[in-house]
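coords_23.pdb follows (PDB, C-alpha atoms):
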ATOM      1  CA  MET A   1      36.044 -20.520 -30.017
ATOM      2  CA  ILE A   2      35.199 -23.348 -27.671
ATOM      3  CA  THR A   3      32.629 -22.272 -25.131
ATOM      4  CA  GLU A   4      30.400 -23.765 -22.495
ATOM      5  CA  GLN A   5      27.741 -24.187 -25.208
ATOM      6  CA  ASN A   6      29.823 -26.296 -27.609
ATOM      7  CA  ALA A   7      32.490 -27.978 -25.450
ATOM      8  CA  GLU A   8      30.446 -31.175 -25.087
ATOM      9  CA  GLN A   9      30.520 -31.569 -28.880
ATOM     10  CA  VAL A  10      34.337 -31.753 -29.011
ATOM     11  CA  LYS A  11      35.326 -35.289 -29.914
ATOM     12  CA  ALA A  12      39.107 -34.790 -29.927
ATOM     13  CA  SER A  13      41.271 -36.369 -27.260
ATOM     14  CA  ILE A  14      43.975 -33.709 -27.744
ATOM     15  CA  LEU A  15      43.334 -30.030 -28.413
ATOM     16  CA  CYS A  16      46.172 -27.709 -29.410
ATOM     17  CA  GLU A  17      45.207 -24.062 -29.000
ATOM     18  CA  GLY A  18      46.292 -22.349 -32.205
ATOM     19  CA  ALA A  19      44.976 -18.939 -31.174
ATOM     20  CA  ASN A  20      45.120 -16.770 -28.078
ATOM     21  CA  GLY A  21      42.452 -17.754 -25.561
ATOM     22  CA  PRO A  22      40.292 -19.955 -27.823
ATOM     23  CA  VAL A  23      38.820 -21.961 -24.928
ATOM     24  CA  THR A  24      36.749 -20.238 -22.251
ATOM     25  CA  PRO A  25      37.392 -21.179 -18.616
ATOM     26  CA  GLN A  26      33.977 -22.893 -18.450
ATOM     27  CA  ALA A  27      34.741 -24.914 -21.585
ATOM     28  CA  ASP A  28      38.185 -25.709 -20.196
ATOM     29  CA  ALA A  29      36.574 -27.363 -17.167
ATOM     30  CA  ILE A  30      34.162 -29.344 -19.358
ATOM     31  CA  LEU A  31      36.977 -30.576 -21.606
ATOM     32  CA  GLU A  32      39.094 -31.498 -18.595
ATOM     33  CA  ASP A  33      36.194 -33.559 -17.196
ATOM     34  CA  LYS A  34      35.969 -35.297 -20.582
ATOM     35  CA  GLY A  35      39.671 -36.177 -20.378
ATOM     36  CA  VAL A  36      40.753 -33.939 -23.263
ATOM     37  CA  LEU A  37      44.442 -33.022 -23.168
ATOM     38  CA  ILE A  38      44.691 -29.300 -23.916
ATOM     39  CA  LEU A  39      47.995 -27.874 -25.094
ATOM     40  CA  PRO A  40      47.550 -24.268 -23.928
ATOM     41  CA  ASP A  41      48.032 -21.272 -26.175
ATOM     42  CA  VAL A  42      50.965 -19.967 -24.143
ATOM     43  CA  LEU A  43      52.822 -23.158 -25.002
ATOM     44  CA  ALA A  44      51.477 -23.833 -28.498
ATOM     45  CA  ASN A  45      51.979 -20.251 -29.750
ATOM     46  CA  ALA A  46      55.355 -19.562 -28.174
ATOM     47  CA  GLY A  47      57.302 -20.140 -31.392
ATOM     48  CA  GLY A  48      56.557 -16.739 -32.878
ATOM     49  CA  VAL A  49      57.631 -14.933 -29.719
ATOM     50  CA  VAL A  50      60.824 -16.986 -29.510
ATOM     51  CA  VAL A  51      61.749 -16.283 -33.130
ATOM     52  CA  SER A  52      61.070 -12.559 -32.580
ATOM     53  CA  TYR A  53      63.546 -12.721 -29.698
ATOM     54  CA  PHE A  54      66.056 -14.443 -32.001
ATOM     55  CA  GLU A  55      65.656 -11.598 -34.505
ATOM     56  CA  TRP A  56      66.301  -9.043 -31.756
ATOM     57  CA  VAL A  57      69.427 -10.895 -30.573
ATOM     58  CA  GLN A  58      70.761 -11.186 -34.116
ATOM     59  CA  GLY A  59      70.153  -7.488 -34.695
ATOM     60  CA  LEU A  60      72.090  -6.585 -31.541
ATOM     61  CA  GLN A  61      74.984  -8.806 -32.545
ATOM     62  CA  GLU A  62      74.829  -7.841 -36.216
ATOM     63  CA  TYR A  63      75.354 -11.536 -36.899
ATOM     64  CA  PHE A  64      72.591 -13.437 -38.603
ATOM     65  CA  TRP A  65      71.913 -17.139 -38.286
ATOM     66  CA  LYS A  66      71.052 -19.582 -41.022
ATOM     67  CA  GLU A  67      67.451 -20.772 -41.170
ATOM     68  CA  SER A  68      68.567 -24.234 -40.027
ATOM     69  CA  GLU A  69      70.186 -22.667 -36.929
ATOM     70  CA  VAL A  70      67.012 -20.725 -36.111
ATOM     71  CA  ASN A  71      64.910 -23.876 -36.516
ATOM     72  CA  ALA A  72      67.287 -25.949 -34.360
ATOM     73  CA  LYS A  73      67.345 -23.345 -31.572
ATOM     74  CA  LEU A  74      63.562 -22.964 -31.743
ATOM     75  CA  ASN A  75      63.073 -26.724 -31.596
ATOM     76  CA  ASP A  76      65.311 -26.965 -28.527
ATOM     77  CA  ILE A  77      63.443 -24.227 -26.660
ATOM     78  CA  VAL A  78      59.923 -25.343 -27.577
ATOM     79  CA  SER A  79      60.706 -29.006 -26.871
ATOM     80  CA  ARG A  80      62.191 -28.160 -23.480
ATOM     81  CA  ALA A  81      59.202 -25.959 -22.616
ATOM     82  CA  PHE A  82      56.801 -28.774 -23.508
ATOM     83  CA  GLU A  83      58.780 -31.360 -21.529
ATOM     84  CA  GLU A  84      58.996 -29.139 -18.439
ATOM     85  CA  THR A  85      55.286 -28.356 -18.628
ATOM     86  CA  TRP A  86      54.365 -32.003 -19.162
ATOM     87  CA  GLU A  87      56.523 -33.123 -16.225
ATOM     88  CA  THR A  88      55.023 -30.446 -13.972
ATOM     89  CA  ALA A  89      51.480 -31.376 -15.010
ATOM     90  CA  GLN A  90      52.134 -35.052 -14.302
ATOM     91  CA  ARG A  91      53.983 -34.488 -11.033
ATOM     92  CA  ARG A  92      51.368 -32.109  -9.635
ATOM     93  CA  ASP A  93      48.377 -33.797 -11.292
ATOM     94  CA  VAL A  94      47.145 -30.571 -12.898
ATOM     95  CA  PRO A  95      46.130 -29.653 -16.454
ATOM     96  CA  MET A  96      48.803 -28.417 -18.860
ATOM     97  CA  ARG A  97      47.425 -24.866 -18.674
ATOM     98  CA  VAL A  98      47.812 -24.751 -14.892
ATOM     99  CA  ALA A  99      51.284 -26.279 -15.158
ATOM    100  CA  SER A 100      52.371 -23.720 -17.776
ATOM    101  CA  TYR A 101      51.042 -20.797 -15.730
ATOM    102  CA  GLY A 102      52.649 -22.192 -12.584
ATOM    103  CA  LEU A 103      56.026 -22.476 -14.283
ATOM    104  CA  ALA A 104      55.687 -18.933 -15.628
ATOM    105  CA  VAL A 105      54.901 -17.477 -12.211
ATOM    106  CA  GLN A 106      57.742 -19.480 -10.662
ATOM    107  CA  ARG A 107      60.213 -18.127 -13.229
ATOM    108  CA  VAL A 108      59.105 -14.531 -12.727
ATOM    109  CA  SER A 109      59.407 -15.008  -8.973
ATOM    110  CA  GLU A 110      62.901 -16.471  -9.278
ATOM    111  CA  ALA A 111      63.996 -13.678 -11.630
ATOM    112  CA  THR A 112      62.627 -11.037  -9.253
ATOM    113  CA  ILE A 113      64.497 -12.572  -6.327
ATOM    114  CA  THR A 114      67.699 -12.935  -8.333
ATOM    115  CA  ARG A 115      67.669  -9.585 -10.155
ATOM    116  CA  GLY A 116      65.387  -7.437  -8.034
ATOM    117  CA  ILE A 117      62.571  -5.298  -9.328
ATOM    118  CA  TYR A 118      63.605  -2.801 -11.965
ATOM    119  CA  PRO A 119      62.180   0.720 -11.718
TER
END

Let me see whether you can do it: turn the structure in this file into structure tokens.
Amino acid sequence: MITEQNAEQVKASILCEGANGPVTPQADAILEDKGVLILPDVLANAGGVVVSYFEWVQGLQEYFWKESEVNAKLNDIVSRAFEETWETAQRRDVPMRVASYGLAVQRVSEATITRGIYP
């Protein structure tokens, strides 16, 4: 856990969050001031959720993909998510976490407008 108490000790220039919520908001601000690029947990940990979705889809179709197909599809999705987040962060001059949350809220908003709110 990176907190306000130990954030100054971080010497990395890039931090990839391998757990859910490993950096406190106070530490996040300190690391940002230090110029540390943080790859947020919602982006770095998305692979497991995506592969779980793939399993669900395969189960519905009763057609199972080869491991190489799963890896290729996962790579496409995760790479695109990173690129979109990176571009948003650069364009809006915000940290990756803010960019990822912004994209998420935007997508939920667009889906709600397109599909409506389900009961």

Find the axis-aligned box for region 23-28 of chain A, covering all its listed atoms and adding 6 Å on each side, and write its centre and edge lengths in Å to one decimal as lines of an AutoDock Vina configuration file.
center_x = 36.4
center_y = -23.0
center_z = -21.7
size_x = 16.8
size_y = 17.5
size_z = 18.5

Mind dumping a table of every region 13-75 of chain A residue within 8 Å of region 91-105 of chain A, with the nearest atom pair and its distance in Å to one decimal, using all atoms listed in the file, sorted by chain and rising number, as CSV?
residue,atom,partner,partner_atom,distance
A:Glu32,CA,A:Pro95,CA,7.6
A:Leu37,CA,A:Met96,CA,7.7
A:Ile38,CA,A:Met96,CA,6.6
A:Leu39,CA,A:Met96,CA,6.3
A:Pro40,CA,A:Arg97,CA,5.3
A:Val42,CA,A:Ser100,CA,7.5
A:Leu43,CA,A:Ser100,CA,7.3

Write the residues of the selection above to a file with C-alpha atoms, as a tab-separated table (two decimals), in the frame of the given file.
chain	number	residue	atom	x	y	z
A	32	GLU	CA	39.09	-31.50	-18.60
A	37	LEU	CA	44.44	-33.02	-23.17
A	38	ILE	CA	44.69	-29.30	-23.92
A	39	LEU	CA	48.00	-27.87	-25.09
A	40	PRO	CA	47.55	-24.27	-23.93
A	42	VAL	CA	50.96	-19.97	-24.14
A	43	LEU	CA	52.82	-23.16	-25.00

Under the rule that all atoms listed in the file are counted, which of A:Lys73, A:Gln9, A:Ala19, A:Ala29 is the nearest residue to Tyr53 (chain A)? A:Lys73

Residue nearest Gly18 (chain A) - candidates A:Gly116, A:Gly48, A:Gly59, A:Gly35, atoms counted: all atoms listed in the file: A:Gly48

Non-local contacts of Val78 (chain A) (7 Å; only C-alpha atoms; under 4 positions in same chain excluded) as a PyMOL selection string: chain A and resi 47+74+82

Store the residues picked out above in a file with C-alpha atoms, as a short mmCIF file (atom, residue, chain, number, x, y, z; two decimals), in the coordinates of the input.
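Once everything was written out, this is result.cif:
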data_model
loop_
_atom_site.label_atom_id
_atom_site.label_comp_id
_atom_site.auth_asym_id
_atom_site.auth_seq_id
_atom_site.Cartn_x
_atom_site.Cartn_y
_atom_site.Cartn_z
CA GLY A 47 57.30 -20.14 -31.39
CA LEU A 74 63.56 -22.96 -31.74
CA PHE A 82 56.80 -28.77 -23.51
#
